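Notes to accompany the following structure.
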Amino acid sequence: MADKTETSSGKTFTLTNDQTGDKWVLPVFDGTIGPATIDIRSLYEDTGHFTLDPSFTSTASCKSRITFIDGDKGILLHRGYNIKDLAEKSSFLEVAYALLYGDLPNQKSYAEFSKNITYHTMVHEQLQFFFRGFRRDAHPMAVMCGVVGALAAFYHDSLDISDPKQREISAHRLIAKLPTLAAMAFKYSIGQPFIYPRNDLGFAENFLHMCFAVPAEPYKVSPILADAMDKILILHADHEQNASTSTVRLAGSSQANPFACIAAGIASLWGPAHGGANQAVLEMLAEIGTKDRIPEFIQGVKDKKYRLMGFGHRVYKNFDPRAQIMKETCDKVLAELGVTDPALEIAMELERIALSDPYFIERKLYPNVDFYSGIILKAMGFPVSMFTVLFAVARTVGWVSQWKEMMEEPSNRIGRPRQLYTGAAQRDYVDINKRT
């Protein structure tokens with residue numbers, strides 16, 4: 001039994017053992033906004049008990065000032081700034097600066113930060129030979145896990161995690177070089193030569209140029225596509241303590257170098273339950289095949305025969321605040337490219353039905369950010385295998401910001417979750433010739 005009380009010294013949470021009558025008082029902390037948190041750090045020492053919270057869905061693993069999500073109200077804030085304002089009025093590098101340093105930059109600090117990122121976009125020339133060790137048909141995420149982890153072998157001058165300056169240089173390098181490495185992974189998979197970054201292009205524009213330009217002819221990036229890519233990067237930049245971010249923090253708690261930590265985050269993101277949602281959307285559209293099969297599919301969803309991908313969200317129980325921005329971007333991209341694709345026509349019809357059918361409205365199964373981002377990336381010309389790679393390019397700034405915040409926390413200790421052991425108790429060893 002537990003009862004929550006208020007005292008003059010602040011909130012507390014009292015645990016009572018119904019059998020012995022023993023009571024333990026635990027302090028309660030309030031964040032700026034969001035649910036209060038019971039401090040259980042002394043629980044085992046005081047009571048001899050652990051807590052059991054599979055998947056950590058009710059456990060705050062850290063204190064953070066970076067991102068806040070209210071899933072019930074559909075709110076996403078980065079450093080207190082609403083995601084809608086950031087996506088509509090800001091740029092990815094401005095958002096990156098805010099995530100790293102706490103505030104949106106002024107003109108002077110933005111110019112300096114932008115220059116630092118721009119001049120770190122090139123990668124060590126020997127890395128191109130590293131790519132040749134992979135099969136041509138290797139999944140780009142497998143390549144990214146390898147090459148990002150390998151950065152620690154090339155940039156020895158920024159591996160001292162106790163040095164704030166070296167941590168900052170590593171952060172800048174990771175944000176700058178991930179697009180270059182992602183573009184190289186894409187080019188390698190399709191057998192085209194690598195395209196070097198250009199310092200005269202913006203962040204998103206430069207990334208698209210490295211992906212789609214070829215040496216044989218000039219290539220100009222469409223401003224609409226560059227703006228769409230910038231918004232995709234902003235909308236995926238950080239999302240609180242998700243699986244990959246928690247992986248980065250846990251790896252970082254061991255004092256691993258930042259390149260290894262981000263490689264760990266990429267590996268976690270690769271899981272289809274995490275970073276593969278927009279890929280699953282296109283696989284669903286391919287499974288439907290033609291528009292005339294949509295009614296059958298919708299009925300199958302209602303009968304629990306099929307899964308509807310790209311609708312609803314694990315965290316957002318009302319609506320995904322990123323989805324409306326992505327929908328507007330999607331409409332602009334499709335209009336710009338004049339794409340005629342059966343899969344896109346199916347997607348638009350599914351969207352129309354989901355927004356008007358009482359079954360989906362009552363269950364709050366609205367299209368989420370993954371539904372639209374997959375459509376945009378496909379229209380741009382990215383293969384499905386690159387979708388999670390692009391997610392990693394965007395999320396790197398969130399991972400780096402979370403890692404940097406953790407490293408600046410004086411009480412940072414290596415992560416060590418506990419367990420509820422349900423295996424065999426201690427037993428005697430029996431020689432193999434006596435075992436039955």
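To be explicit about the labels: the chains of the structure tokens are called A, B, and onward in the order shown, and within each one the residues are counted from 1, while ligands get numbers from 1 in the order they are shown.
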
Residues near range 337-349 of chain A, anyone? I mean within 6 Å using only C-alpha atoms, not counting same-chain ones fewer than 2 positions away, as a list in words.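 The residues that qualify are Leu285, Lys291, Leu334, Ala335, Glu351 and Arg352 of chain A.
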
Which residues are near Lys327 in chain A? Cut-off 7 Å, only C-alpha atoms, ignore same chain within fewer than 4 positions. Put them as a list in words. Ala323, Asp331 and Tyr372 of chain A

Apply DSSP to the backbone of this structure and, from range 148-335 of chain A, keep only the residues in helix (DSSP H, G or I); write these as a short mmCIF file (atom, residue, chain, number, x, y, z; two decimals) with N, CA, C and O atoms, in the first residue's frame.
```cif
data_model
loop_
_atom_site.label_atom_id
_atom_site.label_comp_id
_atom_site.auth_asym_id
_atom_site.auth_seq_id
_atom_site.Cartn_x
_atom_site.Cartn_y
_atom_site.Cartn_z
N VAL A 148 30.78 4.61 -38.41
CA VAL A 148 30.68 5.60 -37.33
C VAL A 148 31.52 5.17 -36.14
O VAL A 148 32.24 5.98 -35.54
N GLY A 149 31.46 3.89 -35.78
CA GLY A 149 32.31 3.40 -34.70
C GLY A 149 33.79 3.55 -35.03
O GLY A 149 34.61 3.82 -34.15
N ALA A 150 34.11 3.44 -36.33
CA ALA A 150 35.51 3.53 -36.76
C ALA A 150 36.06 4.95 -36.69
O ALA A 150 37.28 5.14 -36.77
N LEU A 151 35.19 5.96 -36.56
CA LEU A 151 35.68 7.34 -36.49
C LEU A 151 36.66 7.54 -35.34
O LEU A 151 37.55 8.39 -35.42
N ALA A 152 36.50 6.76 -34.28
CA ALA A 152 37.41 6.87 -33.14
C ALA A 152 38.84 6.50 -33.53
O ALA A 152 39.80 6.91 -32.88
N ALA A 153 39.00 5.74 -34.61
CA ALA A 153 40.34 5.36 -35.08
C ALA A 153 40.98 6.45 -35.91
O ALA A 153 42.18 6.40 -36.19
N HIS A 156 41.80 10.98 -33.10
CA HIS A 156 42.32 10.75 -31.75
C HIS A 156 42.36 12.02 -30.91
O HIS A 156 42.49 11.94 -29.69
N ASP A 157 42.27 13.17 -31.56
CA ASP A 157 42.45 14.43 -30.85
C ASP A 157 41.18 14.89 -30.13
O ASP A 157 41.18 15.98 -29.55
N SER A 158 40.10 14.10 -30.18
CA SER A 158 38.88 14.54 -29.49
C SER A 158 38.23 13.39 -28.73
O SER A 158 37.01 13.32 -28.61
N PRO A 164 36.06 19.36 -21.79
CA PRO A 164 34.87 19.95 -22.41
C PRO A 164 35.09 20.37 -23.86
O PRO A 164 34.18 20.24 -24.70
N LYS A 165 36.28 20.87 -24.17
CA LYS A 165 36.56 21.32 -25.54
C LYS A 165 36.58 20.13 -26.50
O LYS A 165 36.03 20.21 -27.61
N GLN A 166 37.20 19.03 -26.08
CA GLN A 166 37.24 17.85 -26.93
C GLN A 166 35.84 17.24 -27.10
O GLN A 166 35.50 16.75 -28.18
N ARG A 167 35.03 17.31 -26.05
CA ARG A 167 33.66 16.82 -26.17
C ARG A 167 32.89 17.65 -27.22
O ARG A 167 32.13 17.10 -28.03
N GLU A 168 33.11 18.96 -27.20
CA GLU A 168 32.43 19.83 -28.16
C GLU A 168 32.89 19.55 -29.59
O GLU A 168 32.08 19.49 -30.52
N ILE A 169 34.19 19.35 -29.77
CA ILE A 169 34.71 19.05 -31.11
C ILE A 169 34.12 17.74 -31.62
O ILE A 169 33.72 17.63 -32.79
N SER A 170 34.05 16.74 -30.76
CA SER A 170 33.45 15.46 -31.16
C SER A 170 31.99 15.63 -31.53
O SER A 170 31.50 15.03 -32.50
N ALA A 171 31.28 16.46 -30.77
CA ALA A 171 29.87 16.71 -31.06
C ALA A 171 29.72 17.35 -32.43
O ALA A 171 28.88 16.93 -33.24
N HIS A 172 30.53 18.35 -32.72
CA HIS A 172 30.49 19.02 -34.02
C HIS A 172 30.83 18.05 -35.14
O HIS A 172 30.20 18.04 -36.21
N ARG A 173 31.85 17.25 -34.91
CA ARG A 173 32.26 16.28 -35.94
C ARG A 173 31.14 15.29 -36.26
O ARG A 173 30.87 14.98 -37.42
N LEU A 174 30.50 14.80 -35.23
CA LEU A 174 29.45 13.81 -35.46
C LEU A 174 28.27 14.40 -36.22
O LEU A 174 27.76 13.80 -37.17
N ILE A 175 27.82 15.59 -35.82
CA ILE A 175 26.71 16.24 -36.51
C ILE A 175 27.07 16.51 -37.97
O ILE A 175 26.25 16.33 -38.87
N ALA A 176 28.32 16.92 -38.20
CA ALA A 176 28.75 17.30 -39.55
C ALA A 176 29.03 16.09 -40.44
O ALA A 176 28.72 16.12 -41.64
N LYS A 177 29.60 15.04 -39.88
CA LYS A 177 30.09 13.94 -40.71
C LYS A 177 29.04 12.85 -40.96
O LYS A 177 29.17 12.08 -41.92
N LEU A 178 28.01 12.77 -40.12
CA LEU A 178 27.00 11.73 -40.34
C LEU A 178 26.33 11.86 -41.70
O LEU A 178 26.13 10.85 -42.40
N PRO A 179 25.95 13.08 -42.16
CA PRO A 179 25.38 13.17 -43.51
C PRO A 179 26.35 12.72 -44.59
O PRO A 179 25.95 12.08 -45.57
N THR A 180 27.62 13.05 -44.44
CA THR A 180 28.62 12.64 -45.43
C THR A 180 28.74 11.13 -45.47
O THR A 180 28.76 10.52 -46.56
N LEU A 181 28.81 10.50 -44.30
CA LEU A 181 28.91 9.05 -44.24
C LEU A 181 27.64 8.37 -44.76
O LEU A 181 27.71 7.34 -45.44
N ALA A 182 26.49 8.97 -44.46
CA ALA A 182 25.22 8.41 -44.94
C ALA A 182 25.16 8.47 -46.47
O ALA A 182 24.73 7.52 -47.13
N ALA A 183 25.58 9.60 -47.03
CA ALA A 183 25.59 9.74 -48.49
C ALA A 183 26.58 8.76 -49.11
O ALA A 183 26.31 8.18 -50.17
N MET A 184 27.73 8.55 -48.46
CA MET A 184 28.70 7.59 -48.97
C MET A 184 28.13 6.17 -48.94
O MET A 184 28.32 5.39 -49.87
N ALA A 185 27.40 5.84 -47.87
CA ALA A 185 26.78 4.51 -47.78
C ALA A 185 25.78 4.33 -48.91
O ALA A 185 25.69 3.24 -49.51
N PHE A 186 25.02 5.38 -49.22
CA PHE A 186 24.05 5.32 -50.30
C PHE A 186 24.74 5.15 -51.65
O PHE A 186 24.40 4.26 -52.45
N LYS A 187 25.74 5.97 -51.91
CA LYS A 187 26.46 5.89 -53.18
C LYS A 187 27.14 4.53 -53.35
O LYS A 187 27.14 3.95 -54.44
N TYR A 188 27.71 4.02 -52.27
CA TYR A 188 28.38 2.73 -52.35
C TYR A 188 27.38 1.62 -52.71
O TYR A 188 27.68 0.72 -53.49
N SER A 189 26.16 1.71 -52.15
CA SER A 189 25.17 0.66 -52.39
C SER A 189 24.67 0.64 -53.82
O SER A 189 24.18 -0.39 -54.30
N ILE A 190 24.76 1.78 -54.52
CA ILE A 190 24.27 1.83 -55.90
C ILE A 190 25.42 1.90 -56.91
O ILE A 190 25.19 2.08 -58.11
N PHE A 203 23.04 22.83 -44.93
CA PHE A 203 23.18 21.49 -44.36
C PHE A 203 22.35 20.46 -45.13
O PHE A 203 22.87 19.46 -45.63
N ALA A 204 21.05 20.70 -45.26
CA ALA A 204 20.17 19.74 -45.96
C ALA A 204 20.47 19.71 -47.45
O ALA A 204 20.48 18.64 -48.08
N GLU A 205 20.72 20.89 -48.02
CA GLU A 205 21.02 20.98 -49.45
C GLU A 205 22.30 20.21 -49.78
O GLU A 205 22.36 19.48 -50.78
N ASN A 206 23.29 20.34 -48.92
CA ASN A 206 24.56 19.65 -49.12
C ASN A 206 24.37 18.13 -49.06
O ASN A 206 24.95 17.38 -49.86
N PHE A 207 23.54 17.69 -48.13
CA PHE A 207 23.29 16.25 -48.00
C PHE A 207 22.63 15.70 -49.26
O PHE A 207 23.04 14.66 -49.79
N LEU A 208 21.61 16.38 -49.76
CA LEU A 208 20.94 15.93 -50.98
C LEU A 208 21.91 15.94 -52.17
O LEU A 208 21.87 15.05 -53.03
N HIS A 209 22.78 16.95 -52.22
CA HIS A 209 23.76 17.03 -53.30
C HIS A 209 24.71 15.83 -53.25
O HIS A 209 25.01 15.21 -54.29
N MET A 210 25.17 15.47 -52.06
CA MET A 210 26.09 14.33 -51.92
C MET A 210 25.39 13.02 -52.29
O MET A 210 26.03 12.07 -52.74
N CYS A 211 24.07 12.96 -52.09
CA CYS A 211 23.33 11.74 -52.39
C CYS A 211 23.01 11.59 -53.88
O CYS A 211 23.08 10.48 -54.42
N PHE A 212 22.69 12.68 -54.55
CA PHE A 212 22.12 12.56 -55.89
C PHE A 212 22.94 13.18 -57.01
O PHE A 212 22.65 12.96 -58.19
N PRO A 223 14.99 23.85 -54.10
CA PRO A 223 14.78 24.48 -52.78
C PRO A 223 13.64 23.84 -52.00
O PRO A 223 13.71 23.76 -50.76
N ILE A 224 12.61 23.37 -52.68
CA ILE A 224 11.49 22.73 -51.99
C ILE A 224 11.93 21.40 -51.37
O ILE A 224 11.57 21.08 -50.23
N LEU A 225 12.75 20.64 -52.10
CA LEU A 225 13.25 19.38 -51.56
C LEU A 225 14.24 19.62 -50.42
O LEU A 225 14.26 18.87 -49.43
N ALA A 226 15.06 20.65 -50.56
CA ALA A 226 16.00 20.98 -49.48
C ALA A 226 15.26 21.39 -48.22
O ALA A 226 15.61 21.00 -47.10
N ASP A 227 14.20 22.19 -48.41
CA ASP A 227 13.39 22.61 -47.26
C ASP A 227 12.69 21.40 -46.63
O ASP A 227 12.60 21.31 -45.40
N ALA A 228 12.21 20.48 -47.47
CA ALA A 228 11.56 19.27 -46.95
C ALA A 228 12.54 18.44 -46.14
O ALA A 228 12.21 17.94 -45.05
N MET A 229 13.76 18.27 -46.65
CA MET A 229 14.77 17.50 -45.93
C MET A 229 15.12 18.18 -44.60
O MET A 229 15.29 17.52 -43.57
N ASP A 230 15.21 19.50 -44.62
CA ASP A 230 15.51 20.25 -43.40
C ASP A 230 14.43 20.00 -42.34
O ASP A 230 14.72 19.79 -41.17
N LYS A 231 13.17 19.98 -42.78
CA LYS A 231 12.06 19.74 -41.85
C LYS A 231 12.08 18.30 -41.34
O LYS A 231 11.81 18.05 -40.15
N ILE A 232 12.39 17.35 -42.21
CA ILE A 232 12.50 15.96 -41.77
C ILE A 232 13.57 15.84 -40.69
O ILE A 232 13.37 15.16 -39.67
N LEU A 233 14.69 16.51 -40.88
CA LEU A 233 15.77 16.47 -39.89
C LEU A 233 15.33 17.09 -38.58
O LEU A 233 15.61 16.56 -37.49
N ILE A 234 14.65 18.24 -38.64
CA ILE A 234 14.17 18.90 -37.43
C ILE A 234 13.19 18.01 -36.67
O ILE A 234 13.29 17.84 -35.45
N LEU A 235 12.25 17.42 -37.40
CA LEU A 235 11.18 16.66 -36.75
C LEU A 235 11.67 15.34 -36.15
O LEU A 235 10.97 14.74 -35.34
N ALA A 243 14.51 4.39 -27.07
CA ALA A 243 15.42 3.24 -26.97
C ALA A 243 16.85 3.59 -27.40
O ALA A 243 17.82 3.26 -26.70
N SER A 244 17.00 4.26 -28.54
CA SER A 244 18.35 4.54 -29.02
C SER A 244 19.04 5.61 -28.17
O SER A 244 20.24 5.51 -27.90
N THR A 245 18.28 6.61 -27.72
CA THR A 245 18.87 7.64 -26.86
C THR A 245 19.30 7.03 -25.53
O THR A 245 20.38 7.35 -25.01
N SER A 246 18.47 6.16 -24.97
CA SER A 246 18.83 5.48 -23.73
C SER A 246 20.07 4.61 -23.94
O SER A 246 20.92 4.48 -23.05
N THR A 247 20.18 4.01 -25.13
CA THR A 247 21.36 3.20 -25.45
C THR A 247 22.62 4.07 -25.47
O THR A 247 23.67 3.69 -24.93
N VAL A 248 22.52 5.25 -26.09
CA VAL A 248 23.66 6.17 -26.13
C VAL A 248 24.06 6.57 -24.71
O VAL A 248 25.25 6.58 -24.35
N ARG A 249 23.08 6.89 -23.88
CA ARG A 249 23.38 7.30 -22.50
C ARG A 249 24.01 6.14 -21.72
O ARG A 249 24.97 6.35 -20.97
N LEU A 250 23.48 4.93 -21.89
CA LEU A 250 24.02 3.80 -21.13
C LEU A 250 25.44 3.49 -21.58
O LEU A 250 26.32 3.22 -20.76
N ALA A 251 25.68 3.53 -22.90
CA ALA A 251 27.04 3.32 -23.40
C ALA A 251 27.96 4.42 -22.88
O ALA A 251 29.10 4.16 -22.46
N GLY A 252 27.48 5.66 -22.90
CA GLY A 252 28.29 6.78 -22.43
C GLY A 252 28.58 6.72 -20.95
O GLY A 252 29.61 7.22 -20.49
N SER A 253 27.69 6.09 -20.18
CA SER A 253 27.91 6.02 -18.73
C SER A 253 29.13 5.19 -18.39
O SER A 253 29.70 5.30 -17.30
N PRO A 258 32.71 9.09 -27.64
CA PRO A 258 31.43 9.50 -28.24
C PRO A 258 31.10 8.82 -29.56
O PRO A 258 29.94 8.58 -29.86
N PHE A 259 32.12 8.48 -30.36
CA PHE A 259 31.86 7.81 -31.63
C PHE A 259 31.29 6.41 -31.39
O PHE A 259 30.37 5.97 -32.09
N ALA A 260 31.82 5.72 -30.39
CA ALA A 260 31.30 4.40 -30.03
C ALA A 260 29.87 4.50 -29.51
O ALA A 260 29.02 3.65 -29.82
N CYS A 261 29.60 5.55 -28.73
CA CYS A 261 28.26 5.73 -28.17
C CYS A 261 27.23 5.96 -29.27
O CYS A 261 26.13 5.40 -29.25
N ILE A 262 27.58 6.78 -30.26
CA ILE A 262 26.64 7.06 -31.35
C ILE A 262 26.47 5.83 -32.22
O ILE A 262 25.37 5.55 -32.72
N ALA A 263 27.54 5.06 -32.42
CA ALA A 263 27.42 3.80 -33.16
C ALA A 263 26.46 2.85 -32.45
O ALA A 263 25.67 2.15 -33.09
N ALA A 264 26.50 2.85 -31.12
CA ALA A 264 25.57 2.03 -30.34
C ALA A 264 24.14 2.51 -30.55
O ALA A 264 23.21 1.70 -30.67
N GLY A 265 23.96 3.83 -30.59
CA GLY A 265 22.63 4.38 -30.85
C GLY A 265 22.11 3.99 -32.22
O GLY A 265 20.92 3.67 -32.39
N ILE A 266 22.99 4.00 -33.21
CA ILE A 266 22.61 3.60 -34.57
C ILE A 266 22.16 2.14 -34.59
O ILE A 266 21.16 1.78 -35.22
N ALA A 267 22.89 1.29 -33.88
CA ALA A 267 22.53 -0.13 -33.82
C ALA A 267 21.15 -0.32 -33.21
O ALA A 267 20.35 -1.13 -33.68
N SER A 268 20.86 0.45 -32.15
CA SER A 268 19.54 0.36 -31.52
C SER A 268 18.45 0.89 -32.44
O SER A 268 17.37 0.30 -32.54
N LEU A 269 18.73 1.98 -33.13
CA LEU A 269 17.75 2.57 -34.04
C LEU A 269 17.40 1.62 -35.18
O LEU A 269 16.29 1.67 -35.72
N ALA A 277 9.86 2.30 -38.70
CA ALA A 277 8.42 2.51 -38.85
C ALA A 277 8.04 3.04 -40.23
O ALA A 277 7.05 2.60 -40.82
N ASN A 278 8.83 4.00 -40.77
CA ASN A 278 8.46 4.53 -42.08
C ASN A 278 8.70 3.50 -43.19
O ASN A 278 8.00 3.49 -44.20
N GLN A 279 9.66 2.61 -42.98
CA GLN A 279 9.86 1.51 -43.92
C GLN A 279 8.65 0.58 -43.88
O GLN A 279 8.18 0.10 -44.92
N ALA A 280 8.13 0.33 -42.66
CA ALA A 280 6.97 -0.55 -42.53
C ALA A 280 5.75 0.02 -43.24
O ALA A 280 4.91 -0.73 -43.74
N VAL A 281 5.65 1.35 -43.28
CA VAL A 281 4.54 1.99 -43.99
C VAL A 281 4.56 1.62 -45.46
O VAL A 281 3.55 1.21 -46.04
N LEU A 282 5.72 1.75 -46.10
CA LEU A 282 5.82 1.44 -47.52
C LEU A 282 5.62 -0.04 -47.80
O LEU A 282 5.06 -0.42 -48.83
N GLU A 283 6.07 -0.88 -46.87
CA GLU A 283 5.84 -2.31 -47.04
C GLU A 283 4.34 -2.62 -46.97
O GLU A 283 3.83 -3.48 -47.69
N MET A 284 3.62 -1.89 -46.09
CA MET A 284 2.17 -2.05 -46.01
C MET A 284 1.50 -1.60 -47.31
O MET A 284 0.61 -2.28 -47.82
N LEU A 285 1.95 -0.47 -47.85
CA LEU A 285 1.37 0.03 -49.10
C LEU A 285 1.61 -0.96 -50.24
O LEU A 285 0.74 -1.19 -51.09
N ALA A 286 2.80 -1.56 -50.24
CA ALA A 286 3.10 -2.55 -51.29
C ALA A 286 2.23 -3.80 -51.13
O ALA A 286 1.81 -4.41 -52.12
N GLU A 287 1.96 -4.14 -49.88
CA GLU A 287 1.11 -5.31 -49.62
C GLU A 287 -0.32 -5.06 -50.09
O GLU A 287 -0.97 -5.97 -50.64
N ILE A 288 -0.82 -3.83 -49.91
CA ILE A 288 -2.16 -3.50 -50.38
C ILE A 288 -2.20 -3.57 -51.90
O ILE A 288 -3.13 -4.13 -52.49
N LYS A 291 -5.50 0.52 -55.28
CA LYS A 291 -6.51 1.28 -54.53
C LYS A 291 -7.78 0.47 -54.32
O LYS A 291 -8.46 0.64 -53.30
N ASP A 292 -8.12 -0.39 -55.26
CA ASP A 292 -9.38 -1.13 -55.13
C ASP A 292 -9.35 -2.15 -53.98
O ASP A 292 -10.39 -2.65 -53.55
N ARG A 293 -8.13 -2.43 -53.45
CA ARG A 293 -8.01 -3.36 -52.32
C ARG A 293 -8.08 -2.66 -50.97
O ARG A 293 -8.08 -3.33 -49.91
N ILE A 294 -8.17 -1.33 -50.97
CA ILE A 294 -8.17 -0.59 -49.72
C ILE A 294 -9.37 -0.95 -48.83
O ILE A 294 -9.19 -1.18 -47.63
N PRO A 295 -10.60 -1.00 -49.35
CA PRO A 295 -11.73 -1.37 -48.48
C PRO A 295 -11.53 -2.72 -47.79
O PRO A 295 -11.82 -2.86 -46.59
N GLU A 296 -11.00 -3.68 -48.53
CA GLU A 296 -10.73 -5.00 -47.95
C GLU A 296 -9.69 -4.89 -46.83
O GLU A 296 -9.82 -5.51 -45.77
N PHE A 297 -8.64 -4.08 -47.08
CA PHE A 297 -7.58 -3.91 -46.09
C PHE A 297 -8.12 -3.22 -44.84
O PHE A 297 -7.82 -3.63 -43.71
N ILE A 298 -8.90 -2.17 -45.02
CA ILE A 298 -9.46 -1.44 -43.88
C ILE A 298 -10.33 -2.37 -43.03
O ILE A 298 -10.26 -2.35 -41.80
N GLN A 299 -11.13 -3.18 -43.68
CA GLN A 299 -11.95 -4.13 -42.93
C GLN A 299 -11.07 -5.14 -42.21
O GLN A 299 -11.36 -5.54 -41.07
N GLY A 300 -9.98 -5.54 -42.86
CA GLY A 300 -9.04 -6.46 -42.22
C GLY A 300 -8.40 -5.85 -40.99
O GLY A 300 -8.13 -6.54 -40.01
N VAL A 301 -8.14 -4.54 -41.03
CA VAL A 301 -7.60 -3.84 -39.86
C VAL A 301 -8.62 -3.88 -38.72
O VAL A 301 -8.28 -4.16 -37.56
N LYS A 302 -9.86 -3.60 -39.05
CA LYS A 302 -10.92 -3.60 -38.03
C LYS A 302 -11.13 -4.99 -37.44
O LYS A 302 -11.46 -5.13 -36.26
N PRO A 321 2.29 15.72 -32.92
CA PRO A 321 2.40 17.12 -33.33
C PRO A 321 3.28 17.34 -34.56
O PRO A 321 3.21 18.37 -35.21
N ARG A 322 4.10 16.35 -34.88
CA ARG A 322 4.98 16.46 -36.04
C ARG A 322 4.27 16.10 -37.34
O ARG A 322 4.72 16.47 -38.42
N ALA A 323 3.14 15.38 -37.22
CA ALA A 323 2.50 14.82 -38.41
C ALA A 323 1.91 15.89 -39.33
O ALA A 323 2.02 15.78 -40.55
N GLN A 324 1.26 16.91 -38.75
CA GLN A 324 0.64 17.94 -39.58
C GLN A 324 1.70 18.69 -40.39
O GLN A 324 1.50 19.00 -41.57
N ILE A 325 2.82 18.99 -39.75
CA ILE A 325 3.91 19.67 -40.46
C ILE A 325 4.43 18.79 -41.59
O ILE A 325 4.67 19.25 -42.71
N MET A 326 4.57 17.49 -41.30
CA MET A 326 5.08 16.57 -42.31
C MET A 326 4.09 16.38 -43.45
O MET A 326 4.49 16.23 -44.61
N LYS A 327 2.80 16.42 -43.14
CA LYS A 327 1.78 16.30 -44.20
C LYS A 327 1.88 17.48 -45.17
O LYS A 327 1.84 17.30 -46.39
N GLU A 328 2.00 18.69 -44.62
CA GLU A 328 2.12 19.87 -45.48
C GLU A 328 3.37 19.77 -46.35
O GLU A 328 3.36 20.12 -47.53
N THR A 329 4.45 19.30 -45.75
CA THR A 329 5.70 19.12 -46.50
C THR A 329 5.52 18.06 -47.58
O THR A 329 6.00 18.23 -48.71
N CYS A 330 4.84 17.00 -47.24
CA CYS A 330 4.59 15.91 -48.19
C CYS A 330 3.82 16.43 -49.41
O CYS A 330 4.17 16.13 -50.56
N ASP A 331 2.79 17.22 -49.16
CA ASP A 331 1.99 17.77 -50.27
C ASP A 331 2.85 18.63 -51.20
O ASP A 331 2.72 18.55 -52.43
N LYS A 332 3.75 19.44 -50.62
CA LYS A 332 4.61 20.30 -51.43
C LYS A 332 5.59 19.48 -52.26
O LYS A 332 5.84 19.79 -53.43
N VAL A 333 6.16 18.44 -51.64
CA VAL A 333 7.14 17.61 -52.36
C VAL A 333 6.49 16.88 -53.52
O VAL A 333 7.02 16.85 -54.64
N LEU A 334 5.33 16.31 -53.30
CA LEU A 334 4.65 15.57 -54.36
C LEU A 334 4.24 16.50 -55.50
O LEU A 334 4.32 16.13 -56.67
N ALA A 335 3.83 17.73 -55.14
CA ALA A 335 3.47 18.70 -56.18
C ALA A 335 4.71 19.13 -56.97
O ALA A 335 4.66 19.28 -58.20
#
```

A:Thr51, A:Gln426, A:Ser64, A:Ser42 ranked by distance to His78 in chain A, top pick (using only C-alpha atoms):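 Of all the options, A:Ser64 lies closest to His78 in chain A.
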
Proximity to Pro35 in chain A - best of A:Gly310, A:Pro417, A:Gly10, A:Gly71, only C-alpha atoms: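 So, comparing all the options, the nearest one is A:Gly71.
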
Go through A:Thr16, A:Gln402, A:Thr67, A:Ser373 and flag the residue nearest Phe387 in chain A, using only C-alpha atoms for the distances.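 Of all the options, A:Ser373 lies closest to Phe387 in chain A.
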
In Å, with one decimal, what is the gap from CA of Ala87 in chain A to CA of Asp357 in chain A? 29.0 Å

I need the residues in range 70-212 of chain A that are strand (DSSP E or B) according to DSSP; give them as a ChimeraX atom specification. /A:70,75-78,81-82

Please, which residues in range 91-197 of chain A fall within 12 Å of range 215-219 of chain A when counting only C-alpha atoms, and what is the closest atom pair and distance in Å to one decimal for each, ordered by chain then residue number, as CSV?
```
residue,atom,partner,partner_atom,distance
A:Gln192,CA,A:Pro215,CA,9.5
A:Pro193,CA,A:Pro215,CA,7.9
A:Phe194,CA,A:Pro215,CA,9.1
A:Ile195,CA,A:Pro215,CA,7.7
A:Tyr196,CA,A:Pro215,CA,10.2
```
